[in-house]
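J.: Sending over entry_27.cif (mmCIF, C-alpha atoms).
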```
data_entry
#
loop_
_atom_site.group_PDB
_atom_site.id
_atom_site.type_symbol
_atom_site.label_atom_id
_atom_site.label_comp_id
_atom_site.auth_asym_id
_atom_site.auth_seq_id
_atom_site.Cartn_x
_atom_site.Cartn_y
_atom_site.Cartn_z
ATOM 1 C CA MET H 1048 -16.888 -12.260 7.396
ATOM 2 C CA SER H 1049 -20.020 -11.453 5.369
ATOM 3 C CA ASP H 1050 -20.681 -7.886 4.282
ATOM 4 C CA LYS H 1051 -23.740 -7.546 6.478
ATOM 5 C CA GLU H 1052 -21.606 -8.086 9.577
ATOM 6 C CA LYS H 1053 -19.449 -5.113 8.660
ATOM 7 C CA ILE H 1054 -20.151 -1.743 10.216
ATOM 8 C CA LYS H 1055 -19.958 1.443 8.149
ATOM 9 C CA THR H 1056 -19.066 4.604 10.070
ATOM 10 C CA THR H 1057 -18.669 8.075 8.597
ATOM 11 C CA VAL H 1058 -16.463 10.483 10.513
ATOM 12 C CA ASN H 1059 -15.198 14.019 9.987
ATOM 13 C CA ILE H 1060 -11.500 14.734 10.241
ATOM 14 C CA HIS H 1061 -10.063 18.158 9.427
ATOM 15 C CA LYS H 1062 -13.268 19.148 7.577
ATOM 16 C CA LYS H 1063 -13.346 16.102 5.304
ATOM 17 C CA SER H 1064 -15.511 13.036 5.717
ATOM 18 C CA TYR H 1065 -14.196 9.480 5.752
ATOM 19 C CA THR H 1066 -16.194 6.278 5.653
ATOM 20 C CA ILE H 1067 -14.638 3.458 7.601
ATOM 21 C CA VAL H 1068 -15.873 -0.080 7.022
ATOM 22 C CA GLY H 1069 -14.943 -2.772 9.494
ATOM 23 C CA ILE H 1070 -15.824 -4.804 12.529
ATOM 24 C CA GLU H 1071 -15.372 -2.017 15.090
ATOM 25 C CA SER H 1072 -18.406 -0.340 16.667
ATOM 26 C CA ARG H 1073 -19.428 3.157 15.529
ATOM 27 C CA ASP H 1074 -18.609 4.512 19.003
ATOM 28 C CA HIS H 1075 -15.106 3.120 18.810
ATOM 29 C CA ILE H 1076 -14.411 4.517 15.319
ATOM 30 C CA GLU H 1077 -15.856 7.921 16.320
ATOM 31 C CA HIS H 1078 -13.559 7.973 19.354
ATOM 32 C CA ILE H 1079 -10.512 7.120 17.210
ATOM 33 C CA ALA H 1080 -11.489 9.787 14.658
ATOM 34 C CA GLU H 1081 -11.803 12.414 17.413
ATOM 35 C CA LEU H 1082 -8.291 11.582 18.626
ATOM 36 C CA VAL H 1083 -6.860 11.833 15.094
ATOM 37 C CA ASP H 1084 -8.764 15.075 14.448
ATOM 38 C CA GLY H 1085 -7.437 16.553 17.714
ATOM 39 C CA LYS H 1086 -3.863 15.608 16.874
ATOM 40 C CA MET H 1087 -4.165 17.034 13.343
ATOM 41 C CA LYS H 1088 -5.564 20.261 14.780
ATOM 42 C CA GLU H 1089 -2.620 20.544 17.192
ATOM 43 C CA ILE H 1090 -0.068 20.051 14.387
ATOM 44 C CA TYR H 1091 -1.996 22.408 12.079
ATOM 45 C CA ASP H 1092 -2.095 25.111 14.772
ATOM 46 C CA ALA H 1093 1.697 24.904 15.039
ATOM 47 C CA ASN H 1094 2.287 24.884 11.232
ATOM 48 C CA ARG H 1095 -0.526 26.665 9.387
ATOM 49 C CA ASN H 1096 1.350 26.500 6.083
ATOM 50 C CA LEU H 1097 1.189 22.713 5.839
ATOM 51 C CA ASP H 1098 -0.952 21.282 3.073
ATOM 52 C CA VAL H 1099 -3.433 18.589 4.048
ATOM 53 C CA SER H 1100 -1.395 15.633 2.815
ATOM 54 C CA ARG H 1101 1.784 16.702 4.675
ATOM 55 C CA LEU H 1102 -0.315 17.478 7.743
ATOM 56 C CA ALA H 1103 -1.889 14.029 7.606
ATOM 57 C CA VAL H 1104 1.489 12.276 7.159
ATOM 58 C CA LEU H 1105 2.935 14.194 10.123
ATOM 59 C CA THR H 1106 -0.118 13.180 12.152
ATOM 60 C CA ALA H 1107 0.512 9.551 11.205
ATOM 61 C CA ILE H 1108 4.214 9.884 12.185
ATOM 62 C CA ASN H 1109 3.282 11.476 15.504
ATOM 63 C CA THR H 1110 0.743 8.744 16.268
ATOM 64 C CA MET H 1111 3.201 6.005 15.270
ATOM 65 C CA ASN H 1112 5.773 7.556 17.604
ATOM 66 C CA ASP H 1113 3.263 7.399 20.489
ATOM 67 C CA TYR H 1114 2.507 3.793 19.569
ATOM 68 C CA VAL H 1115 6.162 2.704 19.470
ATOM 69 C CA LYS H 1116 6.905 4.377 22.819
ATOM 70 C CA LEU H 1117 3.890 2.752 24.469
ATOM 71 C CA LYS H 1118 4.891 -0.606 22.936
ATOM 72 C CA GLU H 1119 8.346 -0.291 24.521
ATOM 73 C CA GLU H 1120 6.788 0.417 27.934
ATOM 74 C CA TYR H 1121 4.354 -2.452 27.452
ATOM 75 C CA ASP H 1122 7.150 -4.894 26.517
ATOM 76 C CA GLU H 1123 9.180 -3.696 29.513
ATOM 77 C CA LEU H 1124 6.217 -4.402 31.786
ATOM 78 C CA ILE H 1125 5.745 -7.886 30.322
ATOM 79 C CA LYS H 1126 9.453 -8.577 30.880
ATOM 80 C CA LEU H 1127 9.200 -7.483 34.526
ATOM 81 C CA ILE H 1128 6.179 -9.719 35.085
ATOM 82 C CA GLU H 1129 7.958 -12.687 33.513
ATOM 83 C CA GLU H 1130 11.054 -12.112 35.664
ATOM 84 C CA GLU H 1131 8.876 -12.157 38.795
ATOM 85 C CA ASP H 1132 7.473 -15.604 38.040
ATOM 86 C CA MET G 1067 15.840 23.540 24.657
ATOM 87 C CA SER G 1068 18.222 25.418 22.392
ATOM 88 C CA ASP G 1069 18.030 24.934 18.651
ATOM 89 C CA LYS G 1070 21.424 23.287 18.481
ATOM 90 C CA GLU G 1071 20.200 20.455 20.705
ATOM 91 C CA LYS G 1072 17.447 19.672 18.211
ATOM 92 C CA ILE G 1073 17.978 16.911 15.695
ATOM 93 C CA LYS G 1074 16.856 17.312 12.082
ATOM 94 C CA THR G 1075 15.984 14.107 10.233
ATOM 95 C CA THR G 1076 14.773 13.849 6.647
ATOM 96 C CA VAL G 1077 12.728 10.772 5.807
ATOM 97 C CA ASN G 1078 10.888 9.496 2.750
ATOM 98 C CA ILE G 1079 7.287 8.431 3.071
ATOM 99 C CA HIS G 1080 5.206 7.431 0.066
ATOM 100 C CA LYS G 1081 7.706 9.071 -2.338
ATOM 101 C CA LYS G 1082 7.751 12.464 -0.567
ATOM 102 C CA SER G 1083 10.382 13.739 1.814
ATOM 103 C CA TYR G 1084 9.622 15.103 5.282
ATOM 104 C CA THR G 1085 11.975 16.863 7.633
ATOM 105 C CA ILE G 1086 11.318 16.152 11.286
ATOM 106 C CA VAL G 1087 12.893 18.402 13.914
ATOM 107 C CA GLY G 1088 12.952 17.247 17.521
ATOM 108 C CA ILE G 1089 14.791 15.561 20.337
ATOM 109 C CA GLU G 1090 14.532 12.019 18.971
ATOM 110 C CA SER G 1091 17.574 10.320 17.405
ATOM 111 C CA ARG G 1092 17.789 9.942 13.632
ATOM 112 C CA ASP G 1093 17.613 6.158 14.009
ATOM 113 C CA HIS G 1094 14.389 6.434 15.978
ATOM 114 C CA ILE G 1095 12.744 8.820 13.487
ATOM 115 C CA GLU G 1096 13.854 6.656 10.536
ATOM 116 C CA HIS G 1097 12.339 3.599 12.228
ATOM 117 C CA ILE G 1098 9.034 5.433 12.815
ATOM 118 C CA ALA G 1099 9.007 6.670 9.202
ATOM 119 C CA GLU G 1100 9.571 3.126 7.898
ATOM 120 C CA LEU G 1101 6.603 1.882 9.940
ATOM 121 C CA VAL G 1102 4.355 4.700 8.631
ATOM 122 C CA ASP G 1103 5.556 4.125 5.064
ATOM 123 C CA GLY G 1104 4.833 0.393 5.376
ATOM 124 C CA LYS G 1105 1.338 0.977 6.723
ATOM 125 C CA MET G 1106 0.595 3.560 3.995
ATOM 126 C CA LYS G 1107 1.782 1.112 1.365
ATOM 127 C CA GLU G 1108 -0.518 -1.604 2.764
ATOM 128 C CA ILE G 1109 -3.551 0.723 2.698
ATOM 129 C CA TYR G 1110 -2.587 2.046 -0.764
ATOM 130 C CA ASP G 1111 -2.283 -1.476 -2.151
ATOM 131 C CA ALA G 1112 -5.836 -2.171 -0.983
ATOM 132 C CA ASN G 1113 -7.256 1.155 -2.308
ATOM 133 C CA ARG G 1114 -5.236 2.445 -5.264
ATOM 134 C CA ASN G 1115 -7.723 5.255 -5.944
ATOM 135 C CA LEU G 1116 -7.014 7.098 -2.676
ATOM 136 C CA ASP G 1117 -5.301 10.468 -2.932
ATOM 137 C CA VAL G 1118 -2.311 11.077 -0.652
ATOM 138 C CA SER G 1119 -4.148 13.118 1.990
ATOM 139 C CA ARG G 1120 -6.958 10.546 2.385
ATOM 140 C CA LEU G 1121 -4.397 7.761 2.394
ATOM 141 C CA ALA G 1122 -2.405 9.521 5.133
ATOM 142 C CA VAL G 1123 -5.517 10.216 7.239
ATOM 143 C CA LEU G 1124 -6.539 6.555 6.972
ATOM 144 C CA THR G 1125 -2.991 5.601 8.003
ATOM 145 C CA ALA G 1126 -3.289 7.896 11.020
ATOM 146 C CA ILE G 1127 -6.689 6.369 11.922
ATOM 147 C CA ASN G 1128 -5.284 2.864 11.590
ATOM 148 C CA THR G 1129 -2.257 3.701 13.760
ATOM 149 C CA MET G 1130 -4.425 5.466 16.350
ATOM 150 C CA ASN G 1131 -6.620 2.357 16.498
ATOM 151 C CA ASP G 1132 -3.530 0.217 17.208
ATOM 152 C CA TYR G 1133 -2.460 2.748 19.861
ATOM 153 C CA VAL G 1134 -5.829 2.776 21.649
ATOM 154 C CA LYS G 1135 -6.012 -1.029 21.682
ATOM 155 C CA LEU G 1136 -2.488 -1.344 23.059
ATOM 156 C CA LYS G 1137 -3.283 1.348 25.651
ATOM 157 C CA GLU G 1138 -6.270 -0.699 26.835
ATOM 158 C CA GLU G 1139 -4.069 -3.789 27.204
ATOM 159 C CA TYR G 1140 -1.399 -1.733 28.958
ATOM 160 C CA ASP G 1141 -3.915 -0.255 31.421
ATOM 161 C CA GLU G 1142 -5.327 -3.722 32.061
ATOM 162 C CA LEU G 1143 -1.834 -4.990 32.859
ATOM 163 C CA ILE G 1144 -1.177 -2.077 35.244
ATOM 164 C CA LYS G 1145 -4.498 -2.829 36.981
ATOM 165 C CA LEU G 1146 -3.544 -6.493 37.408
ATOM 166 C CA ILE G 1147 -0.166 -5.546 38.863
ATOM 167 C CA GLU G 1148 -1.787 -3.112 41.306
ATOM 168 C CA GLU G 1149 -4.306 -5.724 42.410
ATOM 169 C CA GLU G 1150 -1.465 -8.151 43.156
ATOM 170 C CA ASP G 1151 0.254 -5.757 45.554
#
```
Would you encode the structure as structure tokens?

T.:
Amino acid sequence: MSDKEKIKTTVNIHKKSYTIVGIESRDHIEHIAELVDGKMKEIYDANRNLDVSRLAVLTAINTMNDYVKLKEEYDELIKLIEEED
Amino acid sequence: MSDKEKIKTTVNIHKKSYTIVGIESRDHIEHIAELVDGKMKEIYDANRNLDVSRLAVLTAINTMNDYVKLKEEYDELIKLIEEED
């Protein structure tokens, strides 16, 4: 992909700005950033002593946990559909 | 839930240790931590100048993006199943 097809989006997460470069629309990246920011805020509110890097890693762990659980449900659904056929 | 029912798991991510307390099994938490560590390593290898907090936030964004995409597919699948009934 050429550079001019890439979209640059700047978002704010936990009071710092991040520039994301990729193929996703600005709206999509802003939505993702809002979700991450919300999750970081939740974890920060529960543990105000966490430094930013630990907070961010815990946010990544939490998000990965959600992903893995959803993936299990998704795979289960696919299996059920395949069994029906 | 009482404290004694909670499981404490210590994991290593990007050369730092994190203790996670919750209801999930150690195996599950270790699996999640390995996935986060792998994703962080990938992003770090592509941007060696990133400090740990930015690296972790980008990892969280990346994982959230995967989650949202999978959620869309999952919802689409549920819709298809409901239409069939």

J.: Spell out the residues picked by the PyMOL selection byres ((chain H) within 9 of (chain G)) here, as number ranges by chain.

T.: H: 1060, 1063, 1065, 1067, 1075-1076, 1079-1080, 1082-1083, 1098-1115, 1117-1118, 1120-1121, 1124-1125, 1128

J.: One decimal, in Å: what's the spacing between atom CA of Ile1073 of chain G and atom CA of Gly1104 of chain G?

T.: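 Result for atom CA of Ile1073 of chain G versus atom CA of Gly1104 of chain G: 23.5 Å, one decimal.
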
J.: Quick one: distance from atom CA of Ser1091 of chain G to atom CA of Leu1097 of chain H in Å, one decimal?

T.: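 These atoms are spaced 23.6 Å apart.
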
J.: Between atom CA of Glu1077 of chain H and atom CA of Ile1109 of chain G, what is the distance in Å, rounded to a tenth?

T.: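 The value is 19.7 Å.
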
J.: Once 8 Å is added on each side, what centre and edge lengths in Å to one decimal does the axis-aligned box around all listed atoms of segment 1082-1100 of chain G have, as lines of an AutoDock Vina configuration file?

T.:
```
center_x = 12.8
center_y = 10.8
center_z = 9.9
size_x = 26.0
size_y = 31.3
size_z = 36.9
```

J.: Select, from H:Arg1073, H:Lys1088, H:Arg1095, H:Lys1116, the residue with the minimum atom-to-atom distance to Lys1053 of chain H, counting all atoms listed in the file.

T.: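 With all atoms listed in the file as the atom set, the closest residue is H:Arg1073.
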